[in-house]
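Undergrad: Quick one, start-v1.pdb (PDB, C-alpha atoms and all ligand atoms):
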ATOM      1  CA  MET A 267     141.397 210.761 138.943
ATOM      2  CA  THR A 268     142.190 212.573 142.211
ATOM      3  CA  ASN A 269     139.956 215.492 143.071
ATOM      4  CA  VAL A 270     141.784 218.800 143.476
ATOM      5  CA  ALA A 271     140.652 221.729 145.647
ATOM      6  CA  PHE A 272     142.102 225.181 144.929
ATOM      7  CA  ILE A 273     141.637 227.312 148.049
ATOM      8  CA  THR A 274     142.323 231.027 148.491
ATOM      9  CA  GLY A 275     142.947 232.297 152.018
ATOM     10  CA  ALA A 276     144.124 228.893 153.240
ATOM     11  CA  THR A 277     146.350 230.372 155.967
ATOM     12  CA  SER A 278     143.590 230.873 158.538
ATOM     13  CA  GLY A 279     139.958 230.383 159.513
ATOM     14  CA  PHE A 280     137.581 228.812 156.993
ATOM     15  CA  GLY A 281     140.270 228.280 154.362
ATOM     16  CA  ARG A 282     142.622 226.348 156.633
ATOM     17  CA  ALA A 283     139.794 224.273 158.124
ATOM     18  CA  THR A 284     138.562 223.508 154.598
ATOM     19  CA  ALA A 285     142.030 222.342 153.539
ATOM     20  CA  ARG A 286     142.106 219.927 156.488
ATOM     21  CA  ARG A 287     138.582 218.705 155.746
ATOM     22  CA  PHE A 288     139.310 218.091 152.038
ATOM     23  CA  ALA A 289     142.503 216.278 153.042
ATOM     24  CA  SER A 290     140.467 213.919 155.194
ATOM     25  CA  GLU A 291     138.419 213.136 152.038
ATOM     26  CA  GLY A 292     141.611 212.399 150.082
ATOM     27  CA  TRP A 293     141.525 215.487 147.859
ATOM     28  CA  ALA A 294     144.765 216.982 146.524
ATOM     29  CA  LEU A 295     145.200 220.608 147.568
ATOM     30  CA  VAL A 296     146.347 223.872 146.051
ATOM     31  CA  LEU A 297     146.724 226.200 149.027
ATOM     32  CA  THR A 298     147.205 229.939 148.617
ATOM     33  CA  GLY A 299     147.404 233.006 150.830
ATOM     34  CA  ARG A 300     149.866 235.771 151.503
ATOM     35  CA  ARG A 301     151.546 234.254 154.583
ATOM     36  CA  LEU A 302     153.990 231.716 153.172
ATOM     37  CA  GLU A 303     155.105 230.369 156.570
ATOM     38  CA  ARG A 304     151.556 229.344 157.408
ATOM     39  CA  LEU A 305     151.201 227.656 154.008
ATOM     40  CA  GLU A 306     154.421 225.759 154.648
ATOM     41  CA  ASP A 307     153.169 224.648 158.076
ATOM     42  CA  LEU A 308     149.867 223.447 156.611
ATOM     43  CA  LYS A 309     151.663 221.625 153.813
ATOM     44  CA  ALA A 310     153.907 219.898 156.365
ATOM     45  CA  GLU A 311     150.814 218.891 158.351
ATOM     46  CA  LEU A 312     148.863 217.457 155.407
ATOM     47  CA  GLU A 313     151.320 216.199 152.789
ATOM     48  CA  ASP A 314     151.679 212.760 154.365
ATOM     49  CA  ARG A 315     148.027 212.189 153.487
ATOM     50  CA  VAL A 316     147.454 214.024 150.194
ATOM     51  CA  PRO A 317     149.443 215.862 147.501
ATOM     52  CA  VAL A 318     149.775 219.541 148.466
ATOM     53  CA  HIS A 319     150.944 222.453 146.308
ATOM     54  CA  ILE A 320     151.366 225.864 147.954
ATOM     55  CA  ALA A 321     151.759 229.322 146.456
ATOM     56  CA  ALA A 322     152.096 232.638 148.253
ATOM     57  CA  LEU A 323     149.517 234.813 146.573
ATOM     58  CA  ASP A 324     147.787 238.140 147.003
ATOM     59  CA  VAL A 325     144.497 237.717 145.148
ATOM     60  CA  ARG A 326     144.357 241.455 144.423
ATOM     61  CA  ASP A 327     147.188 241.014 141.907
ATOM     62  CA  ALA A 328     145.585 239.642 138.730
ATOM     63  CA  SER A 329     148.847 238.781 136.995
ATOM     64  CA  ALA A 330     150.165 237.002 140.095
ATOM     65  CA  VAL A 331     146.960 234.952 140.252
ATOM     66  CA  GLN A 332     147.288 234.052 136.573
ATOM     67  CA  ALA A 333     150.944 233.088 137.057
ATOM     68  CA  VAL A 334     150.080 230.746 139.952
ATOM     69  CA  VAL A 335     147.459 229.042 137.782
ATOM     70  CA  ASP A 336     149.730 228.886 134.713
ATOM     71  CA  GLU A 337     152.525 227.346 136.802
ATOM     72  CA  LEU A 338     150.403 224.679 138.509
ATOM     73  CA  PRO A 339     152.111 221.286 138.251
ATOM     74  CA  ALA A 340     150.270 218.821 135.996
ATOM     75  CA  ALA A 341     148.961 216.779 138.932
ATOM     76  CA  PHE A 342     147.109 219.828 140.275
ATOM     77  CA  ARG A 343     145.592 221.139 137.053
ATOM     78  CA  CYS A 344     142.399 219.065 137.095
ATOM     79  CA  VAL A 345     140.742 221.424 139.586
ATOM     80  CA  THR A 346     137.465 219.987 140.901
ATOM     81  CA  ALA A 347     136.604 222.764 143.368
ATOM     82  CA  LEU A 348     137.678 226.385 143.513
ATOM     83  CA  VAL A 349     137.023 227.780 146.986
ATOM     84  CA  ASN A 350     137.072 231.580 146.706
ATOM     85  CA  ASN A 351     137.473 232.235 150.404
ATOM     86  CA  ALA A 352     140.121 234.992 150.746
ATOM     87  CA  GLY A 353     138.489 238.090 152.125
ATOM     88  CA  LEU A 354     138.198 240.527 154.957
ATOM     89  CA  ALA A 355     136.162 243.203 156.673
ATOM     90  CA  LEU A 356     137.717 246.462 157.818
ATOM     91  CA  ALA A 357     136.324 249.681 159.241
ATOM     92  CA  PRO A 358     133.584 248.462 161.606
ATOM     93  CA  GLU A 359     132.713 252.080 162.423
ATOM     94  CA  PRO A 360     129.816 253.828 160.630
ATOM     95  CA  ALA A 361     130.353 254.931 157.013
ATOM     96  CA  PRO A 362     131.079 258.618 157.742
ATOM     97  CA  GLN A 363     134.014 257.615 159.946
ATOM     98  CA  ALA A 364     135.370 254.863 157.676
ATOM     99  CA  ALA A 365     138.653 255.408 155.828
ATOM    100  CA  LEU A 366     138.429 255.360 152.034
ATOM    101  CA  ALA A 367     141.553 253.171 151.939
ATOM    102  CA  ASP A 368     139.712 250.502 153.961
ATOM    103  CA  TRP A 369     136.791 250.572 151.549
ATOM    104  CA  HIS A 370     139.208 250.136 148.645
ATOM    105  CA  THR A 371     140.985 247.241 150.381
ATOM    106  CA  MET A 372     137.690 245.389 150.876
ATOM    107  CA  ILE A 373     136.621 245.929 147.271
ATOM    108  CA  ASP A 374     140.080 244.989 145.945
ATOM    109  CA  THR A 375     140.142 241.771 147.986
ATOM    110  CA  ASN A 376     136.540 240.563 148.232
ATOM    111  CA  VAL A 377     135.418 241.615 144.752
ATOM    112  CA  THR A 378     138.437 242.104 142.479
ATOM    113  CA  GLY A 379     140.429 239.284 144.110
ATOM    114  CA  LEU A 380     137.542 236.849 143.803
ATOM    115  CA  VAL A 381     137.002 237.845 140.173
ATOM    116  CA  ASN A 382     140.737 237.533 139.418
ATOM    117  CA  THR A 383     140.839 233.998 140.784
ATOM    118  CA  THR A 384     137.622 232.910 139.135
ATOM    119  CA  HIS A 385     138.766 234.159 135.739
ATOM    120  CA  ALA A 386     142.141 232.427 136.015
ATOM    121  CA  VAL A 387     140.876 229.052 137.297
ATOM    122  CA  LEU A 388     137.701 228.843 135.197
ATOM    123  CA  PRO A 389     139.336 227.197 132.152
ATOM    124  CA  LEU A 390     140.634 224.401 134.408
ATOM    125  CA  LEU A 391     137.201 223.876 135.966
ATOM    126  CA  ILE A 392     135.576 223.766 132.546
ATOM    127  CA  GLU A 393     138.178 221.220 131.479
ATOM    128  CA  THR A 394     137.239 219.107 134.524
ATOM    129  CA  GLY A 395     133.578 219.647 133.650
ATOM    130  CA  THR A 396     130.682 217.784 135.239
ATOM    131  CA  GLY A 397     130.886 217.612 139.024
ATOM    132  CA  SER A 398     133.267 220.533 139.446
ATOM    133  CA  SER A 399     132.358 223.538 141.588
ATOM    134  CA  ILE A 400     133.089 227.150 142.297
ATOM    135  CA  ILE A 401     132.345 227.819 145.949
ATOM    136  CA  ASN A 402     132.334 231.504 146.772
ATOM    137  CA  ILE A 403     132.354 232.624 150.395
ATOM    138  CA  GLY A 404     129.803 235.375 150.713
ATOM    139  CA  SER A 405     128.197 236.409 153.983
ATOM    140  CA  VAL A 406     124.881 237.107 155.642
ATOM    141  CA  ALA A 407     126.125 240.695 155.299
ATOM    142  CA  GLY A 408     125.523 240.386 151.544
ATOM    143  CA  GLU A 409     121.821 239.808 152.164
ATOM    144  CA  TRP A 410     120.976 241.715 155.358
ATOM    145  CA  PRO A 411     121.956 245.299 156.237
ATOM    146  CA  TYR A 412     123.413 246.257 159.598
ATOM    147  CA  PRO A 413     125.270 249.302 160.943
ATOM    148  CA  GLY A 414     128.962 249.300 160.083
ATOM    149  CA  SER A 415     128.579 246.834 157.210
ATOM    150  CA  HIS A 416     128.578 249.488 154.439
ATOM    151  CA  VAL A 417     131.201 248.389 151.883
ATOM    152  CA  TYR A 418     131.826 244.953 153.433
ATOM    153  CA  GLY A 419     128.190 243.901 152.997
ATOM    154  CA  ALA A 420     128.155 245.421 149.530
ATOM    155  CA  THR A 421     131.160 243.336 148.476
ATOM    156  CA  LYS A 422     129.355 240.209 149.665
ATOM    157  CA  ALA A 423     126.198 241.225 147.758
ATOM    158  CA  PHE A 424     128.454 241.283 144.707
ATOM    159  CA  VAL A 425     129.615 237.748 145.547
ATOM    160  CA  LYS A 426     126.006 236.570 145.731
ATOM    161  CA  GLN A 427     124.940 238.060 142.396
ATOM    162  CA  PHE A 428     128.181 237.111 140.614
ATOM    163  CA  SER A 429     127.647 233.521 141.767
ATOM    164  CA  LEU A 430     124.094 233.407 140.429
ATOM    165  CA  ASN A 431     125.099 235.044 137.159
ATOM    166  CA  LEU A 432     127.990 232.594 136.706
ATOM    167  CA  ARG A 433     125.504 229.725 137.081
ATOM    168  CA  CYS A 434     123.685 231.031 134.006
ATOM    169  CA  ASP A 435     126.809 231.225 131.869
ATOM    170  CA  LEU A 436     128.211 227.882 133.047
ATOM    171  CA  LEU A 437     125.010 225.916 132.544
ATOM    172  CA  LYS A 438     126.383 223.832 129.696
ATOM    173  CA  THR A 439     129.810 223.255 131.248
ATOM    174  CA  GLY A 440     128.806 221.048 134.190
ATOM    175  CA  VAL A 441     130.455 223.526 136.583
ATOM    176  CA  ARG A 442     128.303 224.334 139.612
ATOM    177  CA  VAL A 443     128.476 227.615 141.525
ATOM    178  CA  THR A 444     127.517 228.133 145.162
ATOM    179  CA  ASP A 445     127.482 231.235 147.326
ATOM    180  CA  ILE A 446     128.021 230.069 150.904
ATOM    181  CA  ALA A 447     126.891 232.879 153.209
ATOM    182  CA  PRO A 448     127.941 232.390 156.837
ATOM    183  CA  GLY A 449     126.917 234.474 159.806
ATOM    184  CA  ALA A 450     129.294 235.281 162.649
ATOM    185  CA  ALA A 451     132.001 232.649 162.977
ATOM    186  CA  GLU A 452     134.985 232.673 165.315
ATOM    187  CA  THR A 453     138.152 233.030 163.248
ATOM    188  CA  GLU A 454     140.848 235.687 162.879
ATOM    189  CA  PHE A 455     138.247 237.687 160.905
ATOM    190  CA  THR A 456     137.344 239.915 163.862
ATOM    191  CA  MET A 457     140.985 240.561 164.772
ATOM    192  CA  VAL A 458     141.429 241.840 161.212
ATOM    193  CA  ARG A 459     138.165 243.791 161.371
ATOM    194  CA  THR A 460     139.110 245.461 164.669
ATOM    195  CA  ARG A 461     142.689 246.020 163.490
ATOM    196  CA  GLY A 462     144.186 243.732 166.099
ATOM    197  CA  ASN A 463     142.075 244.832 169.075
ATOM    198  CA  GLN A 464     141.897 241.588 171.045
ATOM    199  CA  ALA A 465     139.390 242.919 173.594
ATOM    200  CA  ALA A 466     137.013 244.203 170.909
ATOM    201  CA  SER A 467     137.397 240.969 168.984
ATOM    202  CA  ASP A 468     136.725 238.814 172.053
ATOM    203  CA  ALA A 469     133.634 240.896 172.881
ATOM    204  CA  ILE A 470     132.014 239.855 169.586
ATOM    205  CA  TYR A 471     132.076 236.179 170.586
ATOM    206  CA  ARG A 472     131.584 236.562 174.364
ATOM    207  CA  ASN A 473     128.721 234.661 176.003
ATOM    208  CA  THR A 474     127.319 233.341 172.748
ATOM    209  CA  THR A 475     127.941 230.349 170.502
ATOM    210  CA  PRO A 476     129.325 231.485 167.155
ATOM    211  CA  LEU A 477     129.875 229.224 164.198
ATOM    212  CA  THR A 478     133.329 227.667 163.955
ATOM    213  CA  ALA A 479     135.663 227.441 160.988
ATOM    214  CA  GLU A 480     135.055 223.683 160.984
ATOM    215  CA  ASP A 481     131.282 224.213 160.695
ATOM    216  CA  ILE A 482     131.801 226.142 157.474
ATOM    217  CA  ALA A 483     134.460 223.729 156.183
ATOM    218  CA  ASP A 484     131.936 220.903 156.592
ATOM    219  CA  GLN A 485     129.429 222.807 154.450
ATOM    220  CA  ILE A 486     132.027 223.603 151.775
ATOM    221  CA  VAL A 487     133.065 219.965 151.460
ATOM    222  CA  TYR A 488     129.412 218.867 151.542
ATOM    223  CA  VAL A 489     128.600 221.155 148.597
ATOM    224  CA  ALA A 490     131.685 220.060 146.640
ATOM    225  CA  THR A 491     130.966 216.349 147.073
ATOM    226  CA  LEU A 492     127.258 216.293 146.226
ATOM    227  CA  PRO A 493     126.214 214.207 143.220
ATOM    228  CA  ALA A 494     127.060 216.109 140.034
ATOM    229  CA  HIS A 495     123.434 216.864 139.147
ATOM    230  CA  ILE A 496     122.798 218.792 142.401
ATOM    231  CA  ALA A 497     123.670 222.486 142.422
ATOM    232  CA  ILE A 498     123.168 224.453 145.619
ATOM    233  CA  ASN A 499     122.929 228.056 144.516
ATOM    234  CA  ARG A 500     123.145 229.711 147.901
ATOM    235  CA  LEU A 501     123.598 228.408 151.403
ATOM    236  CA  GLU A 502     123.042 230.868 154.265
ATOM    237  CA  ILE A 503     124.214 229.585 157.636
ATOM    238  CA  MET A 504     123.977 231.239 161.035
ATOM    239  CA  SER A 505     124.600 230.141 164.563
ATOM    240  CA  GLN A 506     121.264 229.333 166.150
ATOM    241  CA  ARG A 507     122.167 232.139 168.571
ATOM    242  CA  GLN A 508     122.344 234.847 165.881
ATOM    243  CA  ALA A 509     119.257 236.489 164.317
ATOM    244  CA  TRP A 510     117.973 239.870 163.124
ATOM    245  CA  SER A 511     117.102 243.023 165.056
ATOM    246  CA  PRO A 512     114.066 245.260 164.554
ATOM    247  CA  PHE A 513     114.289 248.145 162.058
ATOM    248  CA  ALA A 514     115.946 251.212 163.498
ATOM    249  CA  VAL A 515     113.729 254.302 163.693
ATOM    250  CA  ASP A 516     115.056 257.833 164.067
ATOM    251  CA  ARG A 517     112.913 259.792 166.576
ATOM    252  CA  ASP A 518     112.968 263.436 167.686
TER     253      ASP A 518
HETATM  254  P1  LIG B 601     140.388 234.868 158.543
HETATM  255  O1  LIG B 601     140.867 236.256 158.793
HETATM  256  O2  LIG B 601     140.638 233.834 159.558
HETATM  257  O3  LIG B 601     140.934 234.337 157.127
HETATM  258  C1  LIG B 601     140.966 235.190 156.002
HETATM  259  C2  LIG B 601     141.854 234.573 154.953
HETATM  260  O4  LIG B 601     141.835 235.438 153.797
HETATM  261  C3  LIG B 601     143.280 234.424 155.404
HETATM  262  O5  LIG B 601     143.762 233.156 155.032
HETATM  263  C4  LIG B 601     144.009 235.516 154.636
HETATM  264  O6  LIG B 601     145.312 235.062 154.310
HETATM  265  C5  LIG B 601     143.169 235.610 153.377
HETATM  266  N1  LIG B 601     143.350 236.887 152.688
HETATM  267  C6  LIG B 601     142.990 238.117 153.115
HETATM  268  N2  LIG B 601     143.367 239.037 152.223
HETATM  269  C7  LIG B 601     143.983 238.370 151.207
HETATM  270  C8  LIG B 601     144.610 238.751 149.995
HETATM  271  N3  LIG B 601     144.689 240.032 149.626
HETATM  272  N4  LIG B 601     145.136 237.787 149.202
HETATM  273  C9  LIG B 601     145.063 236.496 149.561
HETATM  274  N5  LIG B 601     144.508 236.065 150.691
HETATM  275  C10 LIG B 601     143.974 236.992 151.505
HETATM  276  O7  LIG B 601     138.818 235.015 158.285
HETATM  277  P2  LIG B 601     137.692 233.937 157.865
HETATM  278  O8  LIG B 601     138.240 232.595 157.697
HETATM  279  O9  LIG B 601     136.569 234.143 158.800
HETATM  280  O10 LIG B 601     137.264 234.568 156.472
HETATM  281  C11 LIG B 601     137.231 233.829 155.267
HETATM  282  C12 LIG B 601     136.118 234.390 154.402
HETATM  283  O11 LIG B 601     134.875 234.225 155.075
HETATM  284  C13 LIG B 601     136.212 235.872 154.090
HETATM  285  O12 LIG B 601     135.851 236.067 152.743
HETATM  286  C14 LIG B 601     135.177 236.517 155.007
HETATM  287  O13 LIG B 601     134.670 237.715 154.495
HETATM  288  C15 LIG B 601     134.148 235.417 155.037
HETATM  289  N6  LIG B 601     133.210 235.418 156.152
HETATM  290  C16 LIG B 601     133.657 235.360 157.453
HETATM  291  C17 LIG B 601     132.747 235.311 158.476
HETATM  292  C18 LIG B 601     133.148 235.290 159.920
HETATM  293  O14 LIG B 601     132.310 235.667 160.783
HETATM  294  N7  LIG B 601     134.347 234.845 160.257
HETATM  295  C19 LIG B 601     131.315 235.250 158.216
HETATM  296  C20 LIG B 601     130.954 235.331 156.828
HETATM  297  C21 LIG B 601     131.882 235.385 155.844
HETATM  298  P3  LIG B 601     146.626 235.964 154.316
HETATM  299  O15 LIG B 601     146.448 237.047 155.321
HETATM  300  O16 LIG B 601     147.719 234.984 154.665
HETATM  301  O17 LIG B 601     146.746 236.451 152.911
HETATM  302  C1  LIG B 602     130.708 238.414 158.574
HETATM  303  C2  LIG B 602     129.517 237.845 159.257
HETATM  304  O1  LIG B 602     127.645 238.394 160.918
HETATM  305  O2  LIG B 602     129.744 239.662 161.080
HETATM  306  O3  LIG B 602     130.665 238.148 157.228
HETATM  307  O4  LIG B 602     128.245 240.064 159.221
HETATM  308  S1  LIG B 602     128.735 239.054 160.163
END
Step by step, read the file and then write its structure as structure tokens.
TA:
Amino acid sequence: MTNVAFITGATSGFGRATARRFASEGWALVLTGRRLERLEDLKAELEDRVPVHIAALDVRDASAVQAVVDELPAAFRCVTALVNNAGLALAPEPAPQAALADWHTMIDTNVTGLVNTTHAVLPLLIETGTGSSIINIGSVAGEWPYPGSHVYGATKAFVKQFSLNLRCDLLKTGVRVTDIAPGAAETEFTMVRTRGNQAASDAIYRNTTPLTAEDIADQIVYVATLPAHIAINRLEIMSQRQAWSPFAVDRD
């Protein structure tokens, strides 16, 4: 039976690189994201090699997510890996200056969207059973605090704990759950975070060596293709050139 990967946020960054990487392993693909043109381009690129089904989808809309899952063609229903990747950071400024709407957008996407997709796809994963995986894209921001992370980091802490809790409830199903927690990686993420400020986005990656989308795609496919009895609960990955700072101390 062909393996099937269901990927959210496949139009850019980690999601798109993961689609390409799964295609090179011969997996069939369900590719979702809001930008239909990009999905069509990716389908055109990959469909010579593997079956590809695309669906324009905003993960914040629970009934739209359910409809995409309900309407999956038969050949794509035996989902082997759900990659909950769609997400974003907004409002890089400190909490007092952050807009409430940005906080809501992060919670709606990174928490509610991930929950919507998990709930809708879970019956298919359970049907597939042993060897199937839910791979949630968390972040180092879900583990480590830093200025300007406020709600973004908190959404990723949710992803971490939800992943661990799912492991408990899915123990008897054969479905594995992994929280992959990357550090800074060069994708369109920072253009979104800086609201399209190219200079500010470039500054984040200048004169260092960030992770790439392909680095994370490799880890996602590695986790999904491990022998069925191996469950990686959490995988935190940073560039060797990223680490922590000392505690901040307020002084008079
Ligand atoms: P990109 O901005 O390149 O990709 C984000 C993807 O999420 C896009 O495909 C976008 O598609 C999709 N997306 C955003 N909002 C929605 C929505 N409401 N519904 C459906 N899809 C949505 O960033 P990355 O690839 O870097 O980010 C992927 C994940 O990795 C995110 O969860 C992010 O938080 C996480 N992450 C990123 C890190 C980094 O440094 N880059 C580090 C750690 C974690 P579209 O706009 O077409 O809907
Ligand atoms: C984003 C990674 O290092 O910018 O999830 O917090 S970092």
Undergrad: Rounded to one decimal, what separation in Å do you get between CA of Phe272 (chain A) and atom N2 of ligand LIG 601 (chain B)?
TA: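 One can read the CA of Phe272 (chain A) to atom N2 of ligand LIG 601 (chain B) distance as 15.7 Å.
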Undergrad: Which residue is closest to ligand LIG 601 (chain B)? Choose from A:Ala450, A:Ala386, A:Val487, A:Leu501 and count all atoms listed in the file.
TA: A:Ala450
Undergrad: Which protein, DNA or RNA residues have an atom within 6 Å of ligand LIG 601 (chain B), counting only C-alpha atoms and all ligand atoms, as number ranges by chain?
TA: A: 274-281, 299-301, 323-326, 351-354, 375, 403-405, 447-455
Undergrad: Just give me the gap between CA of Thr478 (chain A) and CA of Val296 (chain A) in Å, one decimal is fine.
TA: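 Pair CA of Thr478 (chain A) / CA of Val296 (chain A) returns 22.5 Å.
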Undergrad: To one decimal in Å, tell me the separation between CA of Ile273 (chain A) and CA of Pro389 (chain A).
TA: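 Interatomic distance, CA of Ile273 (chain A) to CA of Pro389 (chain A): 16.1 Å.
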Undergrad: For the file shown, report as an NGL selection string the outcome of the PyMOL selection byres (((chain A and resi 317) around 9) and not hetatm) at residue level.
TA: :A and (289 or 292-296 or 309 or 312-316 or 318-319 or 341-342)
